Amino acid sequence: MAPPAEADSDVVHAQRPRPRRGVSLRDAGPPVALVVIFAIFAVLSPGFRTLSNVQNVLDAAAVLAVVTIGISFVLMMGSIDLSAPGIMGASAITVALLVANNRNDNDWGLLGVAVAVLLAAALGCLSGLALVVLKVPSFMATLGVSAVGLGVATLLFAGVQPNVTDPMLEGWAVDRFLGLAHLTWIALACVVLGALVQRYSRLGRYAFAIGGAEEVLSLSGVRVAPFKVAVFTMAGAFYGLAGVLVTSQLGAGLVQAGKGYDFSAITAAVVGGTLLTGGRGGILHSTVGVLLVTVLTNGLVQVGVSPYWQGGVQGLIVVAAVAAAVIPQRRRNQVTK
């Protein structure tokens, strides 16, 4: 029998696995695709590669980027959010009635913007409460909240369109700084804020963890429900701000201000690498997806492709992006016998 010292010396300790450095091919795919698509359209259309068109692409991506930031946090949890159209409509009508307009004597300025965003956050909170308290699936809960938002917007609309006359809100879409509209800089600030929340706040880290392994997080003693409600509330606030930006662009409050933004935002997030099943991707990934979708849409117009084909192209891109993300996971989950 070997002495204890000799027995201990015979034990081989396994080394801890070292984290992989660098960027994986899967994460590098969307940025590479963005560069390739941009280069293709730049060759096909001389007008596409002009500075003014690049500025137009960034301005066109602003509202979609803000919506996508909100929906990305929900997707990171493995949930689905379809409330953006209704929440944006309620926010758009609210801000149009609170700033200087043609229907009343209100002139609340930035306070009116804040109230519209708070209303949107409250609607987002309603989605979260329906999910965690009533156990309604996120798909149905957010669809119902979207209907509530559209109902609120319709009541406030009252058959008369409120036209905005507030110079501050109108200036967001018209005035420029360094060649870009003010609302584009607002969207950029939202991207930075969203990335910081995801990276450094407990809310962002737990949202990511909920999508990756909610059961493990619960067993570790973390109360998951409040964080789910908080994520939906934050997402609603981003939708509300997007509704304000649409109102700035249109110069009027419309009930249908957010029509189609839910699908476009999910498309952009998935294309950028944020999984529908949660636990992967994030704000920067989704932002790349927003640019990719916007560049593709602008490029198709520049080369003369009919707008009726653009929806079909976006749908094919979503299917391809989901397949590219799911197939590697399915292969890893297979058992080799």
# chains A, B, ... in the order shown; residues from 1 in each chain; ligands from 1

call {"tool": "residues_around", "arguments": {"residues": "Glu170 of chain A", "least_positions_apart": "6", "cutoff": "9 Å", "atoms": "only C-alpha atoms", "output": "VMD selection string"}}
result
chain A and resid 164 247 to 251

call {"tool": "residues_around", "arguments": {"residues": "Ala257 of chain A", "least_positions_apart": "2", "cutoff": "10 Å", "atoms": "only C-alpha atoms", "output": "PyMOL selection string"}}
result
chain A and resi 84-93+242-247+250+252-255+259-261

call {"tool": "write_last_selection", "arguments": {"atoms": "all heavy atoms", "output": "short mmCIF file (atom, residue, chain, number, x, y, z; two decimals), in the first residue's frame"}}
result
data_model
loop_
_atom_site.label_atom_id
_atom_site.label_comp_id
_atom_site.auth_asym_id
_atom_site.auth_seq_id
_atom_site.Cartn_x
_atom_site.Cartn_y
_atom_site.Cartn_z
N ALA A 84 -45.49 45.57 -29.97
CA ALA A 84 -44.92 46.82 -30.46
C ALA A 84 -45.90 47.67 -31.26
O ALA A 84 -45.99 48.89 -31.03
CB ALA A 84 -43.66 46.53 -31.29
N PRO A 85 -46.68 47.12 -32.20
CA PRO A 85 -47.60 47.99 -32.96
C PRO A 85 -48.60 48.74 -32.09
O PRO A 85 -48.81 49.95 -32.28
CB PRO A 85 -48.31 47.00 -33.90
CG PRO A 85 -47.36 45.86 -34.04
CD PRO A 85 -46.71 45.73 -32.70
N GLY A 86 -49.23 48.03 -31.14
CA GLY A 86 -50.21 48.69 -30.29
C GLY A 86 -49.59 49.72 -29.36
O GLY A 86 -50.13 50.81 -29.17
N ILE A 87 -48.45 49.36 -28.76
CA ILE A 87 -47.79 50.29 -27.83
C ILE A 87 -47.29 51.52 -28.57
O ILE A 87 -47.42 52.65 -28.09
CB ILE A 87 -46.64 49.58 -27.10
CG1 ILE A 87 -47.20 48.49 -26.17
CG2 ILE A 87 -45.81 50.57 -26.31
CD1 ILE A 87 -46.15 47.73 -25.40
N MET A 88 -46.73 51.33 -29.75
CA MET A 88 -46.25 52.48 -30.53
C MET A 88 -47.41 53.38 -30.94
O MET A 88 -47.29 54.61 -30.94
CB MET A 88 -45.49 51.99 -31.76
CG MET A 88 -44.14 51.36 -31.46
SD MET A 88 -43.31 50.73 -32.95
CE MET A 88 -43.02 52.25 -33.86
N GLY A 89 -48.57 52.78 -31.29
CA GLY A 89 -49.72 53.59 -31.65
C GLY A 89 -50.22 54.43 -30.49
O GLY A 89 -50.51 55.62 -30.65
N ALA A 90 -50.29 53.81 -29.30
CA ALA A 90 -50.73 54.56 -28.12
C ALA A 90 -49.76 55.68 -27.78
O ALA A 90 -50.16 56.80 -27.44
CB ALA A 90 -50.88 53.61 -26.94
N SER A 91 -48.47 55.39 -27.89
CA SER A 91 -47.46 56.41 -27.59
C SER A 91 -47.50 57.54 -28.61
O SER A 91 -47.37 58.72 -28.25
CB SER A 91 -46.07 55.76 -27.58
OG SER A 91 -45.06 56.72 -27.46
N ALA A 92 -47.69 57.19 -29.88
CA ALA A 92 -47.70 58.21 -30.93
C ALA A 92 -48.86 59.19 -30.75
O ALA A 92 -48.68 60.42 -30.84
CB ALA A 92 -47.79 57.53 -32.31
N ILE A 93 -50.06 58.67 -30.48
CA ILE A 93 -51.22 59.54 -30.28
C ILE A 93 -51.05 60.37 -29.01
O ILE A 93 -51.37 61.57 -28.98
CB ILE A 93 -52.51 58.71 -30.21
CG1 ILE A 93 -52.76 57.99 -31.53
CG2 ILE A 93 -53.70 59.61 -29.87
CD1 ILE A 93 -53.02 58.91 -32.70
N ALA A 242 -39.93 54.71 -29.74
CA ALA A 242 -40.02 54.53 -31.19
C ALA A 242 -41.29 55.17 -31.74
O ALA A 242 -41.28 55.77 -32.82
CB ALA A 242 -39.98 53.04 -31.54
N GLY A 243 -42.40 55.06 -31.01
CA GLY A 243 -43.63 55.72 -31.43
C GLY A 243 -43.48 57.23 -31.48
O GLY A 243 -44.01 57.89 -32.38
N VAL A 244 -42.74 57.79 -30.54
CA VAL A 244 -42.47 59.23 -30.54
C VAL A 244 -41.64 59.61 -31.78
O VAL A 244 -41.90 60.63 -32.43
CB VAL A 244 -41.74 59.65 -29.26
CG1 VAL A 244 -41.29 61.10 -29.33
CG2 VAL A 244 -42.64 59.43 -28.04
N LEU A 245 -40.65 58.77 -32.12
CA LEU A 245 -39.80 59.06 -33.28
C LEU A 245 -40.60 58.99 -34.57
O LEU A 245 -40.40 59.80 -35.49
CB LEU A 245 -38.64 58.06 -33.33
CG LEU A 245 -37.65 58.11 -32.16
CD1 LEU A 245 -36.52 57.11 -32.37
CD2 LEU A 245 -37.09 59.50 -31.95
N VAL A 246 -41.54 58.04 -34.68
CA VAL A 246 -42.39 57.96 -35.87
C VAL A 246 -43.26 59.21 -35.97
O VAL A 246 -43.46 59.76 -37.07
CB VAL A 246 -43.27 56.69 -35.82
CG1 VAL A 246 -44.30 56.71 -36.93
CG2 VAL A 246 -42.41 55.44 -35.94
N THR A 247 -43.77 59.67 -34.84
CA THR A 247 -44.57 60.90 -34.83
C THR A 247 -43.76 62.09 -35.30
O THR A 247 -44.25 62.96 -36.02
CB THR A 247 -45.12 61.15 -33.42
OG1 THR A 247 -45.87 60.02 -32.99
CG2 THR A 247 -46.03 62.38 -33.40
N LEU A 250 -43.49 61.75 -39.15
CA LEU A 250 -44.73 61.99 -39.88
C LEU A 250 -45.33 63.36 -39.62
O LEU A 250 -46.15 63.85 -40.40
CB LEU A 250 -45.76 60.92 -39.53
CG LEU A 250 -45.37 59.46 -39.83
CD1 LEU A 250 -46.46 58.51 -39.36
CD2 LEU A 250 -45.11 59.27 -41.32
N ALA A 252 -47.39 63.93 -37.30
CA ALA A 252 -48.76 63.70 -36.84
C ALA A 252 -48.82 62.39 -36.06
O ALA A 252 -47.96 61.51 -36.24
CB ALA A 252 -49.74 63.66 -38.01
N GLY A 253 -49.82 62.28 -35.19
CA GLY A 253 -50.01 61.05 -34.45
C GLY A 253 -50.96 60.13 -35.19
O GLY A 253 -52.07 60.53 -35.55
N LEU A 254 -50.54 58.88 -35.41
CA LEU A 254 -51.34 57.90 -36.13
C LEU A 254 -51.52 56.65 -35.28
O LEU A 254 -50.58 56.20 -34.62
CB LEU A 254 -50.69 57.53 -37.46
CG LEU A 254 -50.53 58.64 -38.50
CD1 LEU A 254 -49.83 58.09 -39.74
CD2 LEU A 254 -51.87 59.24 -38.86
N VAL A 255 -52.72 56.08 -35.33
CA VAL A 255 -52.99 54.85 -34.60
C VAL A 255 -52.12 53.72 -35.14
O VAL A 255 -51.64 52.87 -34.38
CB VAL A 255 -54.48 54.48 -34.71
CG1 VAL A 255 -54.76 53.14 -34.03
CG2 VAL A 255 -55.34 55.57 -34.10
N LYS A 259 -47.35 49.87 -37.23
CA LYS A 259 -47.75 48.72 -38.05
C LYS A 259 -46.54 48.09 -38.74
O LYS A 259 -45.77 48.77 -39.41
CB LYS A 259 -48.77 49.16 -39.10
CG LYS A 259 -49.28 48.02 -39.95
CD LYS A 259 -50.31 48.49 -40.95
CE LYS A 259 -50.83 47.34 -41.80
NZ LYS A 259 -51.85 47.79 -42.80
N GLY A 260 -46.38 46.79 -38.55
CA GLY A 260 -45.31 46.04 -39.21
C GLY A 260 -43.97 46.05 -38.51
O GLY A 260 -43.07 45.29 -38.88
N TYR A 261 -43.82 46.87 -37.48
CA TYR A 261 -42.52 46.97 -36.82
C TYR A 261 -42.19 45.73 -35.99
O TYR A 261 -41.02 45.44 -35.75
CB TYR A 261 -42.45 48.22 -35.94
CG TYR A 261 -42.02 49.45 -36.69
CD1 TYR A 261 -42.95 50.41 -37.09
CD2 TYR A 261 -40.68 49.66 -37.01
CE1 TYR A 261 -42.56 51.53 -37.79
CE2 TYR A 261 -40.29 50.80 -37.71
CZ TYR A 261 -41.22 51.73 -38.09
OH TYR A 261 -40.84 52.86 -38.80
#

call {"tool": "closest_residue", "arguments": {"among": "A:Ser52, A:Pro46, A:Ala65, A:Met168", "to": "Gly112 of chain A", "atoms": "only C-alpha atoms"}}
result
A:Met168

call {"tool": "closest_residue", "arguments": {"among": "A:Val271, A:Leu291, A:Met77, A:Ala195", "to": "Ala225 of chain A", "atoms": "only C-alpha atoms"}}
result
A:Met77

call {"tool": "residues_around", "arguments": {"residues": "Gln198 of chain A", "least_positions_apart": "6", "cutoff": "12 Å", "atoms": "only C-alpha atoms", "output": "number ranges by chain"}}
result
A: 69-70, 72-74, 76-77, 191-192, 204-209, 231, 234, 280-285

call {"tool": "select_by_dssp", "arguments": {"residues": "segment 270-322 of chain A", "states": "helix (DSSP H, G or I)", "output": "MDAnalysis selection string"}}
result
chainID A and resid 270:272 283:302 307:322

call {"tool": "closest_residue", "arguments": {"among": "A:Val145, A:Leu129, A:Val57, A:Ala122", "to": "Val301 of chain A", "atoms": "only C-alpha atoms"}}
result
A:Val57

call {"tool": "residues_around", "arguments": {"residues": "Asp166 of chain A", "least_positions_apart": "6", "cutoff": "8 Å", "atoms": "only C-alpha atoms", "output": "PDB file with all heavy atoms, in the first residue's frame"}}
result
ATOM      1  N   VAL A  99     -47.850  67.483 -26.855  1.00  0.00           N
ATOM      2  CA  VAL A  99     -47.024  68.589 -27.339  1.00  0.00           C
ATOM      3  C   VAL A  99     -47.919  69.546 -28.123  1.00  0.00           C
ATOM      4  O   VAL A  99     -49.110  69.302 -28.296  1.00  0.00           O
ATOM      5  CB  VAL A  99     -45.860  68.071 -28.215  1.00  0.00           C
ATOM      6  CG1 VAL A  99     -44.965  67.130 -27.435  1.00  0.00           C
ATOM      7  CG2 VAL A  99     -46.383  67.385 -29.476  1.00  0.00           C
ATOM      8  N   ALA A 100     -47.348  70.640 -28.589  1.00  0.00           N
ATOM      9  CA  ALA A 100     -48.130  71.615 -29.357  1.00  0.00           C
ATOM     10  C   ALA A 100     -48.742  70.947 -30.587  1.00  0.00           C
ATOM     11  O   ALA A 100     -48.033  70.310 -31.379  1.00  0.00           O
ATOM     12  CB  ALA A 100     -47.238  72.777 -29.773  1.00  0.00           C
ATOM     13  N   ASN A 101     -50.059  71.087 -30.752  1.00  0.00           N
ATOM     14  CA  ASN A 101     -50.760  70.410 -31.845  1.00  0.00           C
ATOM     15  C   ASN A 101     -51.983  71.219 -32.258  1.00  0.00           C
ATOM     16  O   ASN A 101     -52.262  72.283 -31.693  1.00  0.00           O
ATOM     17  CB  ASN A 101     -51.157  68.994 -31.413  1.00  0.00           C
ATOM     18  CG  ASN A 101     -52.133  68.989 -30.247  1.00  0.00           C
ATOM     19  OD1 ASN A 101     -53.340  69.031 -30.428  1.00  0.00           O
ATOM     20  ND2 ASN A 101     -51.605  68.973 -29.014  1.00  0.00           N
ATOM     21  N   ASP A 107     -48.891  72.097 -24.534  1.00  0.00           N
ATOM     22  CA  ASP A 107     -47.540  72.374 -25.034  1.00  0.00           C
ATOM     23  C   ASP A 107     -46.542  71.885 -23.983  1.00  0.00           C
ATOM     24  O   ASP A 107     -45.798  72.657 -23.404  1.00  0.00           O
ATOM     25  CB  ASP A 107     -47.365  73.864 -25.318  1.00  0.00           C
ATOM     26  CG  ASP A 107     -46.057  74.167 -26.049  1.00  0.00           C
ATOM     27  OD1 ASP A 107     -45.364  73.207 -26.452  1.00  0.00           O
ATOM     28  OD2 ASP A 107     -45.724  75.358 -26.198  1.00  0.00           O
ATOM     29  N   GLY A 109     -43.976  69.781 -24.316  1.00  0.00           N
ATOM     30  CA  GLY A 109     -42.593  69.594 -24.737  1.00  0.00           C
ATOM     31  C   GLY A 109     -42.041  68.231 -24.341  1.00  0.00           C
ATOM     32  O   GLY A 109     -42.679  67.201 -24.551  1.00  0.00           O
TER      33      GLY A 109
END

call {"tool": "closest_residue", "arguments": {"among": "A:Ile80, A:Val319, A:Leu150, A:Ala187", "to": "Val136 of chain A", "atoms": "only C-alpha atoms"}}
result
A:Ile80

call {"tool": "residues_around", "arguments": {"residues": "Ser83 of chain A", "least_positions_apart": "2", "cutoff": "12 Å", "atoms": "only C-alpha atoms", "output": "ChimeraX atom specification"}}
result
/A:67,70-71,74,80-81,85-90,120-121,123-128,138-150,232-233,235-240,258-263,265-266

call {"tool": "closest_residue", "arguments": {"among": "A:Val293, A:Val303, A:Leu97, A:Ile37", "to": "Asn163 of chain A", "atoms": "only C-alpha atoms"}}
result
A:Leu97

call {"tool": "closest_residue", "arguments": {"among": "A:Phe48, A:Trp185, A:Phe41, A:Phe177", "to": "Val66 of chain A", "atoms": "only C-alpha atoms"}}
result
A:Trp185
